[in-house]
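Report on the structure given below.
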Amino acid sequence: MAITLPSPASPLKIGTRGSPLALAQAYQTRSMLMAAFDLPEDAFEIVVIKTIADKVLDRALKEIGGKGLFTKEIEEAMLDGRIDIAVHSTKDMGVEQPEGLVLDTFLPREDFRDAFISHKFEGLAQVAEGAVVGTSSLRRRAQLLNKRPDLKVVEFRGNVQKRMEKLGNGVADATFLAMAGLNRLDMADVARATIEPEEMLPAVAQGAIGIERRTDDAQAAHLMEALHDKQTGEQMAAERAFLAALDGSCETPIGGLAQHEGGNIWLRGEILRPDGSESITGEDRAPIEDAAEMGWALGKKLREQAGEGFFDWIDD
């Protein structure tokens, strides 16, 4: 069956959130499609959609919902035909897509590490006792308190620019951002240090852009085949299966990282009590074709070790 390519008269509508980082990811996707199919820029239309995560900025993520708070309105727009594809930070995505949608395209993964940001300290090891660290991530909060229970961790929401502004205004002494996002915004220089996974495992799928489409959209499926990065997809299979076994959401502190080792996938995972009082870690290796099965098994193993109530929120 012949596939009609997008054109200025009938552009492919690319859905995205409106933050500078989300837009940078959408522009990257558009540029890759233009190059892959030799199409002009106006063969694509960037459609900005506000999600609940963009509308409610004065409350912690755990109070307003799970991972769907980053995607619900965008997915509704795709299901009713207002957009054709959606560009997401994969770490914000739930492990199951709504009926009629599929997430099976991943762009080449960027740096998966966290970046340490501070105007006062050179790195995490130099942070003074009792210092204030800002983060909206339950994972980072729990990992920090597990290593440094002396620190005061405060809620720190907003896009990259807003968080940098808060830091400059003294709301916190330090914060963390994804190195991938800083790279995509040409802001890598604001990082004082990078956090290696041996020190703090990143969020599951950190650094990976995922592109969602309608299951029955042949044009989008054809276009996405040209963009999909096989190696990133294999890592996502392991990490997202690990997350699925743990029923992970924005309300649960979970870290995970899959890396290639020849023909194998090496997966490391961590779950933490929300107050940082306990951390359970594990790792496994398996042939690439068994990545998803391994991820599920490791997630189940850690969940069994944790027992009931492990993720119950304990407020300070």
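Each chain of the structure tokens is named A, B, ... in the order shown, its residues numbered from 1; ligands are numbered from 1 in display order.
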
(message) Could you list, as a list in words, every residue within 6 Å of Arg268 (chain A), counting only C-alpha atoms and ignoring same-chain residues fewer than 5 positions away?
(response) Gly256, Leu257, Gly282 and Glu283 of chain A

Keeping N, CA, C and O atoms, export the residues of the selection given above as a CSV table (one decimal), in the first residue's frame.
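Below is the file out-v6.csv, written as the result:
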chain,number,residue,atom,x,y,z
A,256,GLY,N,16.0,3.1,37.6
A,256,GLY,CA,16.4,1.9,36.8
A,256,GLY,C,17.2,2.4,35.5
A,256,GLY,O,17.0,3.4,35.0
A,257,LEU,N,18.1,1.5,35.2
A,257,LEU,CA,18.9,1.8,34.0
A,257,LEU,C,19.3,0.5,33.3
A,257,LEU,O,19.9,-0.4,33.9
A,282,GLY,N,18.8,-4.2,43.0
A,282,GLY,CA,19.0,-5.5,42.3
A,282,GLY,C,19.5,-5.2,40.9
A,282,GLY,O,19.4,-4.1,40.4
A,283,GLU,N,20.1,-6.3,40.3
A,283,GLU,CA,20.5,-6.2,38.9
A,283,GLU,C,20.5,-7.6,38.3
A,283,GLU,O,20.4,-8.6,38.9

Glu129 (chain A) surroundings by only C-alpha atoms, 9 Å radius, close-in-sequence under 6 positions cut, as a PDB file with C-alpha atoms, in the first residue's frame:
ATOM      1  CA  ARG A 148      22.068  12.331  53.326  1.00  0.00           C
ATOM      2  CA  ASP A 150      20.695  15.616  57.246  1.00  0.00           C
ATOM      3  CA  LEU A 151      19.530  17.514  54.156  1.00  0.00           C
TER       4      LEU A 151
END

(message) For the structure I just gave you, how does DSSP split region 10-257 of chain A - specifically, which residues are strand (DSSP E or B)? Reply as an MDAnalysis selection string.
(response) chainID A and resid 12:16 44:48 85:89 101:106 114:118 132:134 152:154 174:178 193:195 209:214 254:257

(message) Quick one: residues within 8 Å of region 173-175 of chain A, only C-alpha atoms, excluding same-chain residues fewer than 2 positions away - as JSON, numbers by chain?
(response) {"A": [116, 117, 118, 119, 120, 121, 131, 132, 133, 134, 135, 167, 170, 171, 177]}

(request) Pick out the closest residue to Ala244 (chain A) from this set: A:Met34, A:Leu107, A:Met93, A:Ala115. Count only C-alpha atoms. (result)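 Smallest distance to Ala244 (chain A) is found for A:Met93.
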
(request) Give the helix (DSSP H, G or I) residues of region 44-193 of chain A, as assigned by DSSP on the backbone, as a PyMOL selection string. (result) chain A and resi 52-55+61-64+67-70+72-79+90-92+124-126+138-147+160-168+179-184+188-190

(message) Can you pull out the residues contacting Ala188 (chain A)? Cut-off 12 Å, using only C-alpha atoms, and skip same-chain residues under 3 positions away; I want them as an NGL selection string.
(response) :A and (111 or 114-117 or 160 or 177-185 or 191-194)

(message) If we count only C-alpha atoms and set the cut-off at 12 Å, which residues sit around Pro98 (chain A), ignoring sequence neighbours fewer than 5 positions away in its own chain? Please answer as a PyMOL selection string.
(response) chain A and resi 68+71-76+78-79+93+103+212-215

Deliver the residues from the most recent selection as a file, using N, CA and C atoms, as a PDB file, in the first residue's frame.
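Output file result_27.pdb follows:
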ATOM      1  N   GLY A  68       0.043   9.914  34.188  1.00  0.00           N
ATOM      2  CA  GLY A  68      -0.924  10.424  33.237  1.00  0.00           C
ATOM      3  C   GLY A  68      -1.100  11.928  33.266  1.00  0.00           C
ATOM      4  N   THR A  71       0.357  13.499  30.267  1.00  0.00           N
ATOM      5  CA  THR A  71       0.012  12.997  28.933  1.00  0.00           C
ATOM      6  C   THR A  71      -1.475  12.950  28.609  1.00  0.00           C
ATOM      7  N   LYS A  72      -2.352  12.986  29.589  1.00  0.00           N
ATOM      8  CA  LYS A  72      -3.770  12.709  29.367  1.00  0.00           C
ATOM      9  C   LYS A  72      -4.370  13.580  28.266  1.00  0.00           C
ATOM     10  N   GLU A  73      -4.203  14.892  28.356  1.00  0.00           N
ATOM     11  CA  GLU A  73      -4.797  15.791  27.363  1.00  0.00           C
ATOM     12  C   GLU A  73      -4.195  15.591  25.978  1.00  0.00           C
ATOM     13  N   ILE A  74      -2.898  15.264  25.925  1.00  0.00           N
ATOM     14  CA  ILE A  74      -2.245  15.025  24.632  1.00  0.00           C
ATOM     15  C   ILE A  74      -2.794  13.753  23.987  1.00  0.00           C
ATOM     16  N   GLU A  75      -2.960  12.723  24.781  1.00  0.00           N
ATOM     17  CA  GLU A  75      -3.489  11.468  24.247  1.00  0.00           C
ATOM     18  C   GLU A  75      -4.942  11.628  23.808  1.00  0.00           C
ATOM     19  N   GLU A  76      -5.720  12.419  24.526  1.00  0.00           N
ATOM     20  CA  GLU A  76      -7.098  12.687  24.110  1.00  0.00           C
ATOM     21  C   GLU A  76      -7.118  13.403  22.762  1.00  0.00           C
ATOM     22  N   MET A  78      -4.930  13.122  20.406  1.00  0.00           N
ATOM     23  CA  MET A  78      -4.560  12.165  19.361  1.00  0.00           C
ATOM     24  C   MET A  78      -5.728  11.235  19.041  1.00  0.00           C
ATOM     25  N   LEU A  79      -6.422  10.802  20.051  1.00  0.00           N
ATOM     26  CA  LEU A  79      -7.552   9.887  19.836  1.00  0.00           C
ATOM     27  C   LEU A  79      -8.686  10.564  19.067  1.00  0.00           C
ATOM     28  N   MET A  93       5.962   8.762  30.857  1.00  0.00           N
ATOM     29  CA  MET A  93       4.904   7.938  30.285  1.00  0.00           C
ATOM     30  C   MET A  93       4.522   6.768  31.181  1.00  0.00           C
ATOM     31  N   LEU A 103       3.069   3.233  21.889  1.00  0.00           N
ATOM     32  CA  LEU A 103       4.361   3.905  22.076  1.00  0.00           C
ATOM     33  C   LEU A 103       5.435   2.900  21.685  1.00  0.00           C
ATOM     34  N   GLU A 212       4.470   8.653  20.413  1.00  0.00           N
ATOM     35  CA  GLU A 212       3.224   7.897  20.493  1.00  0.00           C
ATOM     36  C   GLU A 212       2.388   8.181  19.245  1.00  0.00           C
ATOM     37  N   ARG A 213       1.642   7.185  18.788  1.00  0.00           N
ATOM     38  CA  ARG A 213       0.793   7.346  17.601  1.00  0.00           C
ATOM     39  C   ARG A 213      -0.465   6.494  17.757  1.00  0.00           C
ATOM     40  N   ARG A 214      -1.406   6.719  16.843  1.00  0.00           N
ATOM     41  CA  ARG A 214      -2.582   5.858  16.799  1.00  0.00           C
ATOM     42  C   ARG A 214      -2.209   4.510  16.195  1.00  0.00           C
ATOM     43  N   THR A 215      -2.734   3.446  16.757  1.00  0.00           N
ATOM     44  CA  THR A 215      -2.403   2.094  16.303  1.00  0.00           C
ATOM     45  C   THR A 215      -2.755   1.880  14.844  1.00  0.00           C
TER      46      THR A 215
END

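If you count only C-alpha atoms and ignore residues fewer than 4 places along the chain from Lys162 (chain A), what sits within 12 Å of it is Ser19, Pro20, Leu21, Leu57, Phe156, Arg157, Gly158, Lys166, Leu167, Gly168, Asn169, Val171 and Leu177 of chain A.
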
(request) For CA of Lys152 (chain A) and CA of Asp247 (chain A), determine how far apart the two atoms are, in Å to one decimal place. (result) 28.0 Å

(request) Provide the CA of Leu201 (chain A) to CA of His228 (chain A) distance in Å, to one decimal place. (result)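 A separation of 24.9 Å between them.
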
(request) Name all residues at most 10 Å from Pro8 (chain A) (count only C-alpha atoms; drop same-chain ones fewer than 6 positions away) and give them as a list in words. (result)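 Counting only C-alpha atoms, the residues come to Leu39, Pro40, Glu41, Asp42, Ala43, Phe44 and Glu45 of chain A.
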
Could you write out the selected residues, including N, CA and C atoms, as a compact mmCIF listing (two decimals), in the first residue's frame?
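New file part.txt:
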# COMPACT_ATOMS: atom_id res chain seq x y z
N LEU A 39 11.53 16.46 3.34
CA LEU A 39 10.31 17.25 3.38
C LEU A 39 10.58 18.65 3.93
N PRO A 40 9.79 19.64 3.52
CA PRO A 40 9.98 21.00 4.04
C PRO A 40 9.41 21.13 5.44
N GLU A 41 9.82 22.16 6.14
CA GLU A 41 9.38 22.36 7.51
C GLU A 41 7.86 22.49 7.60
N ASP A 42 7.24 23.15 6.61
CA ASP A 42 5.80 23.36 6.70
C ASP A 42 4.97 22.13 6.32
N ALA A 43 5.65 20.99 6.13
CA ALA A 43 4.93 19.72 6.01
C ALA A 43 4.57 19.19 7.40
N PHE A 44 4.95 19.94 8.43
CA PHE A 44 4.70 19.53 9.82
C PHE A 44 4.16 20.72 10.59
N GLU A 45 3.26 20.45 11.50
CA GLU A 45 2.69 21.48 12.35
C GLU A 45 2.88 21.08 13.82
